[in-house]
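> Structure in structure tokens, see below.
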Amino acid sequence: MPTIRRLSAMEILDSRGRPTVACECELASGAVAAASVPSGASTGAAEALELRDGDPKRYRGLGCRKAVGHVNGPIAAALAGKAFETQAALDERLIALDGTPTKSRLGANAVLAVSIAFARASAAERGVPLYQHFADMLGLPLATLPRLTVNLFSGGKHAGGQVEIQDVLIVPASAKTIDEGLATIFAVYYAAADLTSKKYGVRSLKADEGGLAPPFPNVEAAFDDAVAAIKAAGFEPGRDVAIALDVASSHFFRDGRYHLGGAALDSAGMIERVGSWVKRYPIVSVEDGLSEDDWSNWPPLRRSLAGKALTLGDDFLCTNPARITRAIDAKAADALLLKVNQIGTLTEAAKACRLARAAGWRVTVSARSGETEDNWLADLAVGWGGDQIKIGSIAQSERLAKYNRLLAIEAQAKLPVVAWPG
Ligand code: PGA
Ligand code: ZN
């Protein structure tokens, strides 16, 4: 049984140069492993609390010394020398130590760093790959690799607000392997970079997750260029390469209206607009098509997209089992975006994943806009049977660390990629 000998944390920097938490966990067996946690920018209001120092003189208040101190102090003191038979036992102890609903006392960043470092050390102690350990944690057989969904164009909070919606993603729909999928993505990404730099006369700037961010006049222009890039790369839109959206609409929802391209749409108008996009473009998944608090309109959104595109909840669900249960009961979505740091422990995220699966939903395992070079996300997506994985573009090493890990897992585990969108 894994017994914790030592826990230690330090502050490191994420892909935006902002502090985050890295933790090292050593077990009595001598197994030792480290893990670091990501951080979002386009966050949901119901997310677990990421503890920041608040000292404006250091990293604009974003320092993580308090969170690090909580690992090195009270968490290490409470856990050192203790044995935990399962991940759930460790996480339950962490949740009790914190004692708040949003992990605001110790910080979800502190708690999650410990949770993942322990999982990785436990996998090492068992002598199994991390993805296998994650699969065993959920009691699932290893069956598939996730389908890639990769940022092509960005707007919203991840770019300069060129367009309101946050991500136009491409999906290598006909690729049989991760390897083939990445080659497909490369072809379309660089076709899009060539096309938009000619069209707009500027070398496209890259957003937080590596998406291209040319000055599109409107959202539809971004979709048109995505389709043109897919064709220019020699693929058939919809059949070979499809489109997915992260509308992230909570971030342009003000005073009961969706402020999109000069219009102020009500919820019915927004559902109609999203429906018109799905009709006109090969869109197979729509994330946060409505705001996180627009509960009563999510069921009609899902009904209008059913059979054409997934209704995927990110800010809407926040990987939160209570919100997911409510959404399942209301038939408000049919896919979960799973971000472990929205809830703060692996065990709670596993519960979210299980609930979604039991309802017949799809699951997209997702990175954050602030990532580190850690690659546990790839193992998690494979081990938990994620249907999709959303990591960002193929332009920055914190993203490539996960893509490269997927390639390594594919080479080792020889699993097929999920058949989606079909
Ligand atoms: P975030 O964005 O990591 O900045 O929250 C990712 C997303 O909205 O999917
Ligand atoms: Zn999102």
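Chain lettering (A, B, ...) mirrors the order of the structure tokens, residue numbering begins at 1 for each chain separately, and ligand numbering begins at 1 in order of display.
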Which chains and residue numbers are within 9 Å of ligand 2, counting only C-alpha atoms and all ligand atoms, if I want them as a PDB file with N, CA, C and O atoms, in the first residue's frame?

```
ATOM      1  N   SER A  42     -10.040  31.717 -18.921  1.00  0.00           N
ATOM      2  CA  SER A  42     -11.454  31.843 -19.227  1.00  0.00           C
ATOM      3  C   SER A  42     -12.179  30.902 -18.272  1.00  0.00           C
ATOM      4  O   SER A  42     -12.659  29.844 -18.631  1.00  0.00           O
ATOM      5  N   THR A  43     -12.202  31.287 -17.005  1.00  0.00           N
ATOM      6  CA  THR A  43     -12.636  30.356 -15.959  1.00  0.00           C
ATOM      7  C   THR A  43     -14.141  30.434 -15.717  1.00  0.00           C
ATOM      8  O   THR A  43     -14.759  31.484 -15.908  1.00  0.00           O
ATOM      9  N   GLY A  44     -14.712  29.327 -15.272  1.00  0.00           N
ATOM     10  CA  GLY A  44     -16.111  29.302 -14.878  1.00  0.00           C
ATOM     11  C   GLY A  44     -16.254  29.800 -13.451  1.00  0.00           C
ATOM     12  O   GLY A  44     -15.366  29.625 -12.623  1.00  0.00           O
ATOM     13  N   GLN A 166     -14.164  31.897 -28.523  1.00  0.00           N
ATOM     14  CA  GLN A 166     -12.801  31.655 -28.037  1.00  0.00           C
ATOM     15  C   GLN A 166     -11.975  30.753 -28.939  1.00  0.00           C
ATOM     16  O   GLN A 166     -10.807  31.054 -29.181  1.00  0.00           O
ATOM     17  N   ASP A 167     -12.551  29.667 -29.415  1.00  0.00           N
ATOM     18  CA  ASP A 167     -11.755  28.733 -30.213  1.00  0.00           C
ATOM     19  C   ASP A 167     -12.536  28.166 -31.382  1.00  0.00           C
ATOM     20  O   ASP A 167     -13.680  27.737 -31.217  1.00  0.00           O
ATOM     21  N   LEU A 245     -16.264  23.981 -31.868  1.00  0.00           N
ATOM     22  CA  LEU A 245     -16.197  25.364 -31.361  1.00  0.00           C
ATOM     23  C   LEU A 245     -16.130  25.377 -29.853  1.00  0.00           C
ATOM     24  O   LEU A 245     -16.797  24.581 -29.190  1.00  0.00           O
ATOM     25  N   ASP A 246     -15.343  26.299 -29.308  1.00  0.00           N
ATOM     26  CA  ASP A 246     -15.550  26.710 -27.921  1.00  0.00           C
ATOM     27  C   ASP A 246     -16.053  28.143 -27.986  1.00  0.00           C
ATOM     28  O   ASP A 246     -15.279  29.079 -28.197  1.00  0.00           O
ATOM     29  N   VAL A 247     -17.377  28.282 -27.854  1.00  0.00           N
ATOM     30  CA  VAL A 247     -17.992  29.612 -27.950  1.00  0.00           C
ATOM     31  C   VAL A 247     -17.636  30.438 -26.708  1.00  0.00           C
ATOM     32  O   VAL A 247     -17.483  31.657 -26.791  1.00  0.00           O
ATOM     33  N   ALA A 248     -17.466  29.766 -25.571  1.00  0.00           N
ATOM     34  CA  ALA A 248     -17.131  30.438 -24.296  1.00  0.00           C
ATOM     35  C   ALA A 248     -18.019  31.659 -24.086  1.00  0.00           C
ATOM     36  O   ALA A 248     -17.564  32.751 -23.769  1.00  0.00           O
ATOM     37  N   SER A 249     -19.327  31.439 -24.263  1.00  0.00           N
ATOM     38  CA  SER A 249     -20.244  32.579 -24.358  1.00  0.00           C
ATOM     39  C   SER A 249     -20.480  33.301 -23.030  1.00  0.00           C
ATOM     40  O   SER A 249     -20.958  34.433 -23.033  1.00  0.00           O
ATOM     41  N   GLU A 287     -19.045  23.914 -27.623  1.00  0.00           N
ATOM     42  CA  GLU A 287     -18.775  24.066 -26.189  1.00  0.00           C
ATOM     43  C   GLU A 287     -19.292  25.424 -25.704  1.00  0.00           C
ATOM     44  O   GLU A 287     -19.065  26.447 -26.361  1.00  0.00           O
ATOM     45  N   ASP A 288     -19.975  25.415 -24.557  1.00  0.00           N
ATOM     46  CA  ASP A 288     -20.476  26.647 -23.936  1.00  0.00           C
ATOM     47  C   ASP A 288     -21.152  27.581 -24.950  1.00  0.00           C
ATOM     48  O   ASP A 288     -20.862  28.777 -25.022  1.00  0.00           O
ATOM     49  N   LEU A 312     -21.607  20.636 -25.462  1.00  0.00           N
ATOM     50  CA  LEU A 312     -20.513  20.359 -24.532  1.00  0.00           C
ATOM     51  C   LEU A 312     -20.436  21.471 -23.474  1.00  0.00           C
ATOM     52  O   LEU A 312     -20.442  22.653 -23.817  1.00  0.00           O
ATOM     53  N   GLY A 313     -20.388  21.072 -22.213  1.00  0.00           N
ATOM     54  CA  GLY A 313     -20.375  22.053 -21.125  1.00  0.00           C
ATOM     55  C   GLY A 313     -19.011  22.158 -20.460  1.00  0.00           C
ATOM     56  O   GLY A 313     -18.506  21.172 -19.929  1.00  0.00           O
ATOM     57  N   ASP A 314     -18.448  23.364 -20.496  1.00  0.00           N
ATOM     58  CA  ASP A 314     -17.181  23.629 -19.806  1.00  0.00           C
ATOM     59  C   ASP A 314     -17.454  24.533 -18.603  1.00  0.00           C
ATOM     60  O   ASP A 314     -17.720  24.036 -17.499  1.00  0.00           O
ATOM     61  N   ASP A 315     -17.455  25.855 -18.802  1.00  0.00           N
ATOM     62  CA  ASP A 315     -17.795  26.770 -17.707  1.00  0.00           C
ATOM     63  C   ASP A 315     -19.165  26.410 -17.110  1.00  0.00           C
ATOM     64  O   ASP A 315     -19.406  26.603 -15.920  1.00  0.00           O
ATOM     65  N   LEU A 337     -16.892  18.657 -20.673  1.00  0.00           N
ATOM     66  CA  LEU A 337     -15.491  19.033 -20.783  1.00  0.00           C
ATOM     67  C   LEU A 337     -14.879  18.818 -19.408  1.00  0.00           C
ATOM     68  O   LEU A 337     -15.341  19.418 -18.429  1.00  0.00           O
ATOM     69  N   SER A 366      -9.606  18.074 -21.146  1.00  0.00           N
ATOM     70  CA  SER A 366      -9.066  19.347 -21.630  1.00  0.00           C
ATOM     71  C   SER A 366      -7.930  19.908 -20.786  1.00  0.00           C
ATOM     72  O   SER A 366      -7.931  19.810 -19.559  1.00  0.00           O
ATOM     73  N   ARG A 368      -5.654  23.547 -19.928  1.00  0.00           N
ATOM     74  CA  ARG A 368      -6.022  24.938 -19.614  1.00  0.00           C
ATOM     75  C   ARG A 368      -5.176  25.873 -20.471  1.00  0.00           C
ATOM     76  O   ARG A 368      -4.180  25.459 -21.059  1.00  0.00           O
TER      77      ARG A 368
END
```
> I need the residues of range 133-296 of chain A that end up classed as strand (DSSP E or B) by DSSP on the backbone, written out as a PyMOL selection string.
chain A and resi 145+147-154+167-172+206+212+237+241-246+253-254+257-260+263-265+283-287
> Residues near range 370-376 of chain A, anyone? I mean within 9 Å using only C-alpha atoms, not counting same-chain ones fewer than 2 positions away, as a PyMOL selection string.
chain A and resi 12-18+20+35-41+116+120+130-131+208-209+367-368+378-381+397-406
> What's around Arg303 in chain A at 12 Å? Count only C-alpha atoms, leave out sequence neighbours fewer than 5 positions away in its own chain, and write the answer as a list of chain:residue names.
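These residues fall inside the cut-off: A:Ile271, A:Glu272, A:Gly275, A:Asn297, A:Trp298, A:Lys308, A:Ala309, A:Leu310, A:Thr311, A:Ala330, A:Lys331, A:Ala332, A:Ala333, A:Asp334.
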> Mind dumping the selected residues with N, CA, C and O atoms as a tab-separated table (two decimals), in the first residue's frame?

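So the final result, stored in part-v6.tsv, reads:
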```
chain	number	residue	atom	x	y	z
A	271	ILE	N	-29.31	30.72	-29.58
A	271	ILE	CA	-29.51	29.32	-30.00
A	271	ILE	C	-29.68	29.26	-31.52
A	271	ILE	O	-29.11	28.40	-32.20
A	272	GLU	N	-30.43	30.23	-32.04
A	272	GLU	CA	-30.65	30.29	-33.49
A	272	GLU	C	-29.33	30.54	-34.22
A	272	GLU	O	-29.04	29.92	-35.25
A	275	GLY	N	-27.24	27.48	-34.17
A	275	GLY	CA	-27.86	26.53	-35.10
A	275	GLY	C	-27.52	26.86	-36.55
A	275	GLY	O	-27.27	25.96	-37.37
A	297	ASN	N	-32.15	27.62	-20.77
A	297	ASN	CA	-32.02	27.58	-22.23
A	297	ASN	C	-31.08	26.51	-22.75
A	297	ASN	O	-31.02	26.28	-23.96
A	298	TRP	N	-30.34	25.86	-21.86
A	298	TRP	CA	-29.45	24.78	-22.31
A	298	TRP	C	-30.23	23.59	-22.90
A	298	TRP	O	-29.83	23.05	-23.93
A	308	LYS	N	-26.51	16.44	-34.68
A	308	LYS	CA	-25.58	17.17	-35.57
A	308	LYS	C	-24.27	17.48	-34.85
A	308	LYS	O	-23.18	17.21	-35.35
A	309	ALA	N	-24.38	18.04	-33.67
A	309	ALA	CA	-23.18	18.43	-32.93
A	309	ALA	C	-23.39	18.16	-31.44
A	309	ALA	O	-24.53	18.19	-30.94
A	310	LEU	N	-22.30	17.92	-30.73
A	310	LEU	CA	-22.38	17.72	-29.29
A	310	LEU	C	-22.66	19.05	-28.60
A	310	LEU	O	-22.18	20.10	-29.04
A	311	THR	N	-23.43	18.99	-27.52
A	311	THR	CA	-23.63	20.16	-26.65
A	311	THR	C	-22.73	19.94	-25.44
A	311	THR	O	-23.02	19.13	-24.55
A	330	ALA	N	-31.82	17.63	-16.32
A	330	ALA	CA	-32.52	18.62	-17.17
A	330	ALA	C	-32.30	18.34	-18.67
A	330	ALA	O	-32.81	19.09	-19.50
A	331	LYS	N	-31.51	17.32	-18.99
A	331	LYS	CA	-31.13	17.05	-20.40
A	331	LYS	C	-30.57	18.32	-21.05
A	331	LYS	O	-30.94	18.71	-22.16
A	332	ALA	N	-29.66	18.96	-20.32
A	332	ALA	CA	-29.16	20.26	-20.74
A	332	ALA	C	-27.89	20.18	-21.59
A	332	ALA	O	-27.45	21.20	-22.12
A	333	ALA	N	-27.28	19.00	-21.68
A	333	ALA	CA	-26.04	18.83	-22.45
A	333	ALA	C	-25.92	17.36	-22.80
A	333	ALA	O	-26.71	16.53	-22.32
A	334	ASP	N	-24.96	17.02	-23.64
A	334	ASP	CA	-24.68	15.61	-23.88
A	334	ASP	C	-23.18	15.32	-23.92
A	334	ASP	O	-22.77	14.27	-24.41
```
> Residues near Ala113 in chain A, anyone? I mean within 9 Å using only C-alpha atoms, not counting same-chain ones fewer than 3 positions away, as an MDAnalysis selection string.
chainID A and resid 9 21:24 34:37 71 108:110 116:118 344:345
> Write the residues you've just listed into a file as a JSON list (two decimals), in the first residue's frame, and include C-alpha atoms for each of them.

```json
[["chain", "number", "residue", "atom", "x", "y", "z"],
["A", 9, "ALA", "CA", 6.14, 21.69, -3.39],
["A", 21, "VAL", "CA", 2.38, 24.77, -8.15],
["A", 22, "ALA", "CA", 4.61, 21.72, -8.68],
["A", 23, "CYS", "CA", 4.70, 18.93, -6.11],
["A", 24, "GLU", "CA", 7.01, 15.99, -5.53],
["A", 34, "ALA", "CA", 6.41, 15.02, -9.48],
["A", 35, "ALA", "CA", 3.42, 16.75, -11.04],
["A", 36, "SER", "CA", 2.42, 20.32, -11.79],
["A", 37, "VAL", "CA", -0.99, 21.92, -12.19],
["A", 71, "VAL", "CA", 1.77, 21.68, 0.78],
["A", 108, "ALA", "CA", -7.22, 23.81, -5.23],
["A", 109, "ASN", "CA", -3.81, 24.31, -6.85],
["A", 110, "ALA", "CA", -2.07, 22.97, -3.72],
["A", 116, "ILE", "CA", -1.61, 14.00, -9.07],
["A", 117, "ALA", "CA", 1.92, 13.60, -7.70],
["A", 118, "PHE", "CA", 0.60, 10.81, -5.44],
["A", 344, "GLY", "CA", -9.37, 20.05, -7.42],
["A", 345, "THR", "CA", -8.83, 16.31, -6.90]]
```
> Can you pull out the residues contacting Pro215 in chain A? Cut-off 7 Å, using only C-alpha atoms, and skip same-chain residues under 2 positions away; I want them as a PyMOL selection string.
chain A and resi 162+213+217
